[in-house]
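Working notes, structure below.
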Amino acid sequence: MASIVQFENVGLRYGEGPETLVDLSFSLAKGGFYFLTGASGAGKTSLLKLLYLAQRPSRGVIRLFGEDLVTMPRARLPGFRRRIGVVFQDFRLVPHLSIWDNIALPMRIAGVPEADIQEPVREMLSWVGLGGRGTSRPATLSGGEQQRVAIARAVIGRPELLVADEPTGNVDPAMADRLLHLFDSLNTLGTTVVVATHDLHLLSRVPGATLMRLDGGRIADPTGVLRHPVEAGA
């Protein structure tokens, strides 16, 4: 199966400190579903930043969609970012925009005609249980509700790659199951999904998923082999 992401001996260092990520070499298959786990400080968020192009590596090679990101001119990066959906741990909703407009934002940036935006936004609002809150501002929502808006915004454009940092951390178990089902459905349509999580109970809820565990900035399995959660005993 073709790879959508390839890391070769990637290291990441912030400032003059020690490397946060060390010698990462792995491939993510196009259309795969991956859970990224590890203790706090293991490097999960840093790895996600490399995946959604918020950070460049200190060394090594990263290929995304078949192209070398390390040598790519910065002017081309925005076009690549539009192919990636991101669910941030701190939501990053636009405070002065309504919930409707926050969800519609990626489609508007991509130049989708306004008439073609209405129905997808309506469906997303309904799916995340916020059908009656479209005119509300983010500040009026709870943390869990804001998380649902952030997820709706990330997936509405059916990105080729979806990167989610603790996407179920602020919602109840029933909504967590619903959101995972949304990710799984998107994955079935061809999106590659990478979910960072501390919740090991989630791993068994997507049977076809693959587990990737970080420990001290390194892939915990020294062979670099990615395993299915059940096989890994998660």
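Residues in the structure tokens are numbered from 1 in each chain, the chains being A, B, ... in the order shown, and ligands are numbered from 1 in the order shown.
Every protein or nucleic acid residue with an atom no more than 8 Å from stretch 168-174 of chain A, counting only C-alpha atoms and leaving out same-chain residues fewer than 2 positions away, appears here: Gly143, Gly144, Glu145, Gln147, Glu166, Ala176, Asp177, Arg178 and Leu179 of chain A.
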Hey, which bits of stretch 64-101 of chain A sit within 12 Å of stretch 20-39 of chain A, and for each residue what's the closest pair of atoms and how far apart in Å (one decimal), counting only C-alpha atoms, rows by chain and increasing number, as a tab-separated table?
```
residue	atom	partner	partner_atom	distance
A:Leu64	CA	A:Leu28	CA	9.7
A:Phe65	CA	A:Lys30	CA	9.0
A:Gly66	CA	A:Lys30	CA	10.8
```
Just N, CA and C atoms for this one: save the residues we selected as a PDB file, in the first residue's frame.
```pdb
ATOM      1  N   LEU A  64       5.588  13.998   2.510  1.00  0.00           N
ATOM      2  CA  LEU A  64       4.144  14.023   2.672  1.00  0.00           C
ATOM      3  C   LEU A  64       3.515  14.135   1.292  1.00  0.00           C
ATOM      4  N   PHE A  65       2.543  13.267   1.013  1.00  0.00           N
ATOM      5  CA  PHE A  65       1.924  13.237  -0.317  1.00  0.00           C
ATOM      6  C   PHE A  65       2.995  13.071  -1.401  1.00  0.00           C
ATOM      7  N   GLY A  66       4.077  12.365  -1.058  1.00  0.00           N
ATOM      8  CA  GLY A  66       5.113  12.068  -2.027  1.00  0.00           C
ATOM      9  C   GLY A  66       6.142  13.157  -2.241  1.00  0.00           C
TER      10      GLY A  66
END
```
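Take atom CA of A:Ala110 and atom CA of A:Val86: the distance between them is 15.2 Å.
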Polymer residues at most 7 Å from stretch 91-96 of chain A, only C-alpha atoms, same-chain spacing of 4 or more positions, as a ChimeraX atom specification: /A:87,102,137-139,146-147,150
Could you turn the residues from that selection into a file that holds C-alpha atoms, as a CSV table (one decimal), in the first residue's frame?
```csv
chain,number,residue,atom,x,y,z
A,87,VAL,CA,-8.0,18.9,15.8
A,102,ASN,CA,-15.9,28.4,12.4
A,137,ARG,CA,-19.9,32.3,19.7
A,138,PRO,CA,-17.2,29.9,21.0
A,139,ALA,CA,-17.1,31.6,24.4
A,146,GLN,CA,-15.9,23.7,21.7
A,147,GLN,CA,-14.0,20.4,21.1
A,150,ALA,CA,-13.1,21.9,16.4
```
Taking the chain letters and numbering used in this document, name the residues of stretch 23-166 of chain A that DSSP puts in strand (DSSP E), as a PyMOL selection string. chain A and resi 23-29+33-37+59-64+67-68+84-87+161-165
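Summary of the local environment: counting only C-alpha atoms, residues at most 7 Å from A:Ile103, other than itself and those fewer than 3 positions away along its chain, are Ile99, Trp100, Val121, Val149, Ala152 and Arg153 of chain A.
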Given only C-alpha atoms as the basis, pick out the residue of A:Arg158, A:Asp199, A:Ser204, A:Ala75 nearest to A:Ser185. A:Arg158
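Separating atom CA of A:Ala196 from atom CA of A:Ala164 is a distance of 6.2 Å.
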Atomic distance atom CA of A:Pro18 - atom CA of A:Pro57, expressed in Å with one decimal: 13.4 Å
Write out as a PDB file with N, CA and C atoms, in the first residue's frame all residues of stretch 5-228 of chain A that backbone DSSP assigns to alpha helix (DSSP H).
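part_25.pdb, written as the output of this step:
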```pdb
ATOM      1  N   LYS A  44       4.422  13.266  21.673  1.00  0.00           N
ATOM      2  CA  LYS A  44       3.273  13.081  20.783  1.00  0.00           C
ATOM      3  C   LYS A  44       2.886  14.380  20.078  1.00  0.00           C
ATOM      4  N   THR A  45       2.732  15.469  20.843  1.00  0.00           N
ATOM      5  CA  THR A  45       2.315  16.736  20.236  1.00  0.00           C
ATOM      6  C   THR A  45       3.371  17.252  19.272  1.00  0.00           C
ATOM      7  N   SER A  46       4.631  17.066  19.598  1.00  0.00           N
ATOM      8  CA  SER A  46       5.700  17.489  18.690  1.00  0.00           C
ATOM      9  C   SER A  46       5.655  16.718  17.380  1.00  0.00           C
ATOM     10  N   LEU A  47       5.387  15.431  17.458  1.00  0.00           N
ATOM     11  CA  LEU A  47       5.268  14.630  16.239  1.00  0.00           C
ATOM     12  C   LEU A  47       4.078  15.100  15.407  1.00  0.00           C
ATOM     13  N   LEU A  48       2.967  15.397  16.058  1.00  0.00           N
ATOM     14  CA  LEU A  48       1.807  15.883  15.326  1.00  0.00           C
ATOM     15  C   LEU A  48       2.114  17.207  14.632  1.00  0.00           C
ATOM     16  N   LYS A  49       2.872  18.094  15.288  1.00  0.00           N
ATOM     17  CA  LYS A  49       3.236  19.375  14.678  1.00  0.00           C
ATOM     18  C   LYS A  49       4.015  19.165  13.388  1.00  0.00           C
ATOM     19  N   LEU A  50       4.855  18.148  13.354  1.00  0.00           N
ATOM     20  CA  LEU A  50       5.575  17.844  12.118  1.00  0.00           C
ATOM     21  C   LEU A  50       4.609  17.356  11.040  1.00  0.00           C
ATOM     22  N   LEU A  51       3.597  16.585  11.457  1.00  0.00           N
ATOM     23  CA  LEU A  51       2.648  16.039  10.494  1.00  0.00           C
ATOM     24  C   LEU A  51       1.763  17.118   9.886  1.00  0.00           C
ATOM     25  N   LEU A  77       3.758  25.666   1.220  1.00  0.00           N
ATOM     26  CA  LEU A  77       3.211  24.989   2.390  1.00  0.00           C
ATOM     27  C   LEU A  77       1.722  25.250   2.615  1.00  0.00           C
ATOM     28  N   PRO A  78       1.218  26.484   2.425  1.00  0.00           N
ATOM     29  CA  PRO A  78      -0.227  26.691   2.642  1.00  0.00           C
ATOM     30  C   PRO A  78      -1.110  25.774   1.807  1.00  0.00           C
ATOM     31  N   GLY A  79      -0.713  25.509   0.573  1.00  0.00           N
ATOM     32  CA  GLY A  79      -1.482  24.606  -0.274  1.00  0.00           C
ATOM     33  C   GLY A  79      -1.513  23.199   0.285  1.00  0.00           C
ATOM     34  N   PHE A  80      -0.392  22.760   0.854  1.00  0.00           N
ATOM     35  CA  PHE A  80      -0.340  21.443   1.481  1.00  0.00           C
ATOM     36  C   PHE A  80      -1.198  21.397   2.734  1.00  0.00           C
ATOM     37  N   ARG A  81      -1.171  22.481   3.507  1.00  0.00           N
ATOM     38  CA  ARG A  81      -1.937  22.501   4.759  1.00  0.00           C
ATOM     39  C   ARG A  81      -3.430  22.354   4.501  1.00  0.00           C
ATOM     40  N   ILE A  99     -20.317  29.711  15.577  1.00  0.00           N
ATOM     41  CA  ILE A  99     -19.977  28.297  15.433  1.00  0.00           C
ATOM     42  C   ILE A  99     -20.132  27.869  13.979  1.00  0.00           C
ATOM     43  N   TRP A 100     -21.193  28.321  13.331  1.00  0.00           N
ATOM     44  CA  TRP A 100     -21.414  28.011  11.912  1.00  0.00           C
ATOM     45  C   TRP A 100     -20.215  28.456  11.076  1.00  0.00           C
ATOM     46  N   ASP A 101     -19.796  29.691  11.280  1.00  0.00           N
ATOM     47  CA  ASP A 101     -18.715  30.236  10.463  1.00  0.00           C
ATOM     48  C   ASP A 101     -17.372  29.596  10.791  1.00  0.00           C
ATOM     49  N   ASN A 102     -17.158  29.175  12.032  1.00  0.00           N
ATOM     50  CA  ASN A 102     -15.936  28.450  12.372  1.00  0.00           C
ATOM     51  C   ASN A 102     -15.868  27.139  11.601  1.00  0.00           C
ATOM     52  N   ILE A 103     -16.984  26.424  11.542  1.00  0.00           N
ATOM     53  CA  ILE A 103     -17.000  25.141  10.845  1.00  0.00           C
ATOM     54  C   ILE A 103     -16.851  25.333   9.335  1.00  0.00           C
ATOM     55  N   ALA A 104     -17.452  26.399   8.816  1.00  0.00           N
ATOM     56  CA  ALA A 104     -17.403  26.653   7.376  1.00  0.00           C
ATOM     57  C   ALA A 104     -16.052  27.175   6.907  1.00  0.00           C
ATOM     58  N   LEU A 105     -15.206  27.637   7.835  1.00  0.00           N
ATOM     59  CA  LEU A 105     -13.974  28.336   7.475  1.00  0.00           C
ATOM     60  C   LEU A 105     -13.081  27.577   6.494  1.00  0.00           C
ATOM     61  N   PRO A 106     -12.780  26.283   6.712  1.00  0.00           N
ATOM     62  CA  PRO A 106     -11.888  25.591   5.771  1.00  0.00           C
ATOM     63  C   PRO A 106     -12.446  25.552   4.349  1.00  0.00           C
ATOM     64  N   MET A 107     -13.749  25.398   4.211  1.00  0.00           N
ATOM     65  CA  MET A 107     -14.344  25.338   2.884  1.00  0.00           C
ATOM     66  C   MET A 107     -14.277  26.706   2.208  1.00  0.00           C
ATOM     67  N   ARG A 108     -14.473  27.765   2.984  1.00  0.00           N
ATOM     68  CA  ARG A 108     -14.377  29.110   2.413  1.00  0.00           C
ATOM     69  C   ARG A 108     -12.951  29.420   1.985  1.00  0.00           C
ATOM     70  N   ILE A 109     -11.986  29.026   2.797  1.00  0.00           N
ATOM     71  CA  ILE A 109     -10.582  29.240   2.432  1.00  0.00           C
ATOM     72  C   ILE A 109     -10.241  28.498   1.146  1.00  0.00           C
ATOM     73  N   GLN A 118     -23.549  25.279   2.731  1.00  0.00           N
ATOM     74  CA  GLN A 118     -24.653  25.260   3.686  1.00  0.00           C
ATOM     75  C   GLN A 118     -24.989  23.862   4.207  1.00  0.00           C
ATOM     76  N   GLU A 119     -25.200  22.922   3.298  1.00  0.00           N
ATOM     77  CA  GLU A 119     -25.612  21.586   3.720  1.00  0.00           C
ATOM     78  C   GLU A 119     -24.539  20.844   4.502  1.00  0.00           C
ATOM     79  N   PRO A 120     -23.267  20.861   4.071  1.00  0.00           N
ATOM     80  CA  PRO A 120     -22.235  20.198   4.874  1.00  0.00           C
ATOM     81  C   PRO A 120     -22.111  20.761   6.292  1.00  0.00           C
ATOM     82  N   VAL A 121     -22.212  22.078   6.442  1.00  0.00           N
ATOM     83  CA  VAL A 121     -22.129  22.667   7.782  1.00  0.00           C
ATOM     84  C   VAL A 121     -23.322  22.220   8.616  1.00  0.00           C
ATOM     85  N   ARG A 122     -24.498  22.220   8.021  1.00  0.00           N
ATOM     86  CA  ARG A 122     -25.697  21.789   8.741  1.00  0.00           C
ATOM     87  C   ARG A 122     -25.557  20.340   9.211  1.00  0.00           C
ATOM     88  N   GLU A 123     -25.032  19.486   8.335  1.00  0.00           N
ATOM     89  CA  GLU A 123     -24.845  18.078   8.692  1.00  0.00           C
ATOM     90  C   GLU A 123     -23.823  17.922   9.815  1.00  0.00           C
ATOM     91  N   MET A 124     -22.729  18.692   9.742  1.00  0.00           N
ATOM     92  CA  MET A 124     -21.708  18.607  10.772  1.00  0.00           C
ATOM     93  C   MET A 124     -22.250  19.062  12.131  1.00  0.00           C
ATOM     94  N   LEU A 125     -22.994  20.161  12.141  1.00  0.00           N
ATOM     95  CA  LEU A 125     -23.583  20.648  13.390  1.00  0.00           C
ATOM     96  C   LEU A 125     -24.496  19.592  14.012  1.00  0.00           C
ATOM     97  N   SER A 126     -25.291  18.946  13.169  1.00  0.00           N
ATOM     98  CA  SER A 126     -26.190  17.908  13.666  1.00  0.00           C
ATOM     99  C   SER A 126     -25.405  16.712  14.192  1.00  0.00           C
ATOM    100  N   TRP A 127     -24.364  16.321  13.454  1.00  0.00           N
ATOM    101  CA  TRP A 127     -23.598  15.123  13.830  1.00  0.00           C
ATOM    102  C   TRP A 127     -22.926  15.289  15.187  1.00  0.00           C
ATOM    103  N   GLY A 143     -16.259  23.450  27.293  1.00  0.00           N
ATOM    104  CA  GLY A 143     -15.049  22.901  26.687  1.00  0.00           C
ATOM    105  C   GLY A 143     -15.348  21.737  25.761  1.00  0.00           C
ATOM    106  N   GLY A 144     -16.268  20.848  26.190  1.00  0.00           N
ATOM    107  CA  GLY A 144     -16.609  19.712  25.360  1.00  0.00           C
ATOM    108  C   GLY A 144     -17.297  20.115  24.081  1.00  0.00           C
ATOM    109  N   GLU A 145     -18.161  21.145  24.166  1.00  0.00           N
ATOM    110  CA  GLU A 145     -18.842  21.639  22.973  1.00  0.00           C
ATOM    111  C   GLU A 145     -17.850  22.294  22.012  1.00  0.00           C
ATOM    112  N   GLN A 146     -16.902  23.046  22.554  1.00  0.00           N
ATOM    113  CA  GLN A 146     -15.882  23.653  21.698  1.00  0.00           C
ATOM    114  C   GLN A 146     -15.047  22.584  21.005  1.00  0.00           C
ATOM    115  N   GLN A 147     -14.770  21.509  21.725  1.00  0.00           N
ATOM    116  CA  GLN A 147     -14.013  20.412  21.106  1.00  0.00           C
ATOM    117  C   GLN A 147     -14.774  19.817  19.932  1.00  0.00           C
ATOM    118  N   ARG A 148     -16.086  19.677  20.082  1.00  0.00           N
ATOM    119  CA  ARG A 148     -16.899  19.129  18.999  1.00  0.00           C
ATOM    120  C   ARG A 148     -16.900  20.053  17.782  1.00  0.00           C
ATOM    121  N   VAL A 149     -16.945  21.358  18.022  1.00  0.00           N
ATOM    122  CA  VAL A 149     -16.868  22.314  16.922  1.00  0.00           C
ATOM    123  C   VAL A 149     -15.516  22.191  16.208  1.00  0.00           C
ATOM    124  N   ALA A 150     -14.448  22.070  16.989  1.00  0.00           N
ATOM    125  CA  ALA A 150     -13.112  21.946  16.411  1.00  0.00           C
ATOM    126  C   ALA A 150     -13.000  20.699  15.537  1.00  0.00           C
ATOM    127  N   ILE A 151     -13.629  19.622  15.980  1.00  0.00           N
ATOM    128  CA  ILE A 151     -13.601  18.384  15.193  1.00  0.00           C
ATOM    129  C   ILE A 151     -14.414  18.539  13.915  1.00  0.00           C
ATOM    130  N   ALA A 152     -15.590  19.156  14.028  1.00  0.00           N
ATOM    131  CA  ALA A 152     -16.415  19.388  12.837  1.00  0.00           C
ATOM    132  C   ALA A 152     -15.661  20.225  11.817  1.00  0.00           C
ATOM    133  N   ARG A 153     -14.965  21.259  12.284  1.00  0.00           N
ATOM    134  CA  ARG A 153     -14.190  22.119  11.379  1.00  0.00           C
ATOM    135  C   ARG A 153     -13.072  21.329  10.704  1.00  0.00           C
ATOM    136  N   ALA A 154     -12.453  20.429  11.438  1.00  0.00           N
ATOM    137  CA  ALA A 154     -11.315  19.679  10.890  1.00  0.00           C
ATOM    138  C   ALA A 154     -11.727  18.678   9.823  1.00  0.00           C
ATOM    139  N   VAL A 155     -12.925  18.116   9.934  1.00  0.00           N
ATOM    140  CA  VAL A 155     -13.296  17.026   9.032  1.00  0.00           C
ATOM    141  C   VAL A 155     -14.223  17.451   7.908  1.00  0.00           C
ATOM    142  N   PRO A 173     -18.151   9.781  27.454  1.00  0.00           N
ATOM    143  CA  PRO A 173     -17.881   8.541  26.715  1.00  0.00           C
ATOM    144  C   PRO A 173     -18.787   8.319  25.510  1.00  0.00           C
ATOM    145  N   ALA A 174     -20.071   8.679  25.639  1.00  0.00           N
ATOM    146  CA  ALA A 174     -20.994   8.483  24.517  1.00  0.00           C
ATOM    147  C   ALA A 174     -20.589   9.347  23.329  1.00  0.00           C
ATOM    148  N   MET A 175     -20.231  10.614  23.581  1.00  0.00           N
ATOM    149  CA  MET A 175     -19.807  11.487  22.491  1.00  0.00           C
ATOM    150  C   MET A 175     -18.455  11.052  21.947  1.00  0.00           C
ATOM    151  N   ALA A 176     -17.582  10.542  22.820  1.00  0.00           N
ATOM    152  CA  ALA A 176     -16.287  10.030  22.350  1.00  0.00           C
ATOM    153  C   ALA A 176     -16.495   8.916  21.333  1.00  0.00           C
ATOM    154  N   ASP A 177     -17.435   7.997  21.629  1.00  0.00           N
ATOM    155  CA  ASP A 177     -17.742   6.921  20.689  1.00  0.00           C
ATOM    156  C   ASP A 177     -18.274   7.482  19.368  1.00  0.00           C
ATOM    157  N   ARG A 178     -19.122   8.505  19.475  1.00  0.00           N
ATOM    158  CA  ARG A 178     -19.712   9.096  18.277  1.00  0.00           C
ATOM    159  C   ARG A 178     -18.641   9.762  17.410  1.00  0.00           C
ATOM    160  N   LEU A 179     -17.713  10.472  18.066  1.00  0.00           N
ATOM    161  CA  LEU A 179     -16.656  11.145  17.321  1.00  0.00           C
ATOM    162  C   LEU A 179     -15.699  10.136  16.688  1.00  0.00           C
ATOM    163  N   LEU A 180     -15.396   9.056  17.423  1.00  0.00           N
ATOM    164  CA  LEU A 180     -14.548   8.012  16.835  1.00  0.00           C
ATOM    165  C   LEU A 180     -15.227   7.384  15.625  1.00  0.00           C
ATOM    166  N   HIS A 181     -16.545   7.223  15.706  1.00  0.00           N
ATOM    167  CA  HIS A 181     -17.283   6.683  14.559  1.00  0.00           C
ATOM    168  C   HIS A 181     -17.170   7.631  13.366  1.00  0.00           C
ATOM    169  N   LEU A 182     -17.209   8.940  13.639  1.00  0.00           N
ATOM    170  CA  LEU A 182     -17.038   9.925  12.576  1.00  0.00           C
ATOM    171  C   LEU A 182     -15.662   9.787  11.941  1.00  0.00           C
ATOM    172  N   PHE A 183     -14.619   9.672  12.769  1.00  0.00           N
ATOM    173  CA  PHE A 183     -13.262   9.499  12.246  1.00  0.00           C
ATOM    174  C   PHE A 183     -13.163   8.214  11.421  1.00  0.00           C
ATOM    175  N   ASP A 184     -13.779   7.143  11.938  1.00  0.00           N
ATOM    176  CA  ASP A 184     -13.718   5.854  11.249  1.00  0.00           C
ATOM    177  C   ASP A 184     -14.442   5.926   9.906  1.00  0.00           C
ATOM    178  N   SER A 185     -15.580   6.650   9.875  1.00  0.00           N
ATOM    179  CA  SER A 185     -16.315   6.808   8.622  1.00  0.00           C
ATOM    180  C   SER A 185     -15.493   7.594   7.613  1.00  0.00           C
ATOM    181  N   LEU A 186     -14.830   8.646   8.089  1.00  0.00           N
ATOM    182  CA  LEU A 186     -13.981   9.447   7.218  1.00  0.00           C
ATOM    183  C   LEU A 186     -12.823   8.600   6.694  1.00  0.00           C
ATOM    184  N   ASN A 187     -12.282   7.768   7.565  1.00  0.00           N
ATOM    185  CA  ASN A 187     -11.206   6.865   7.171  1.00  0.00           C
ATOM    186  C   ASN A 187     -11.668   5.887   6.091  1.00  0.00           C
ATOM    187  N   THR A 188     -12.896   5.402   6.219  1.00  0.00           N
ATOM    188  CA  THR A 188     -13.457   4.492   5.224  1.00  0.00           C
ATOM    189  C   THR A 188     -13.548   5.148   3.850  1.00  0.00           C
TER     190      THR A 188
END
```
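Using only C-alpha atoms, the shortest contact distance between A:Ser40 and any of A:Leu202, A:Ala220, A:Leu214, A:Val193 is found at A:Leu214.
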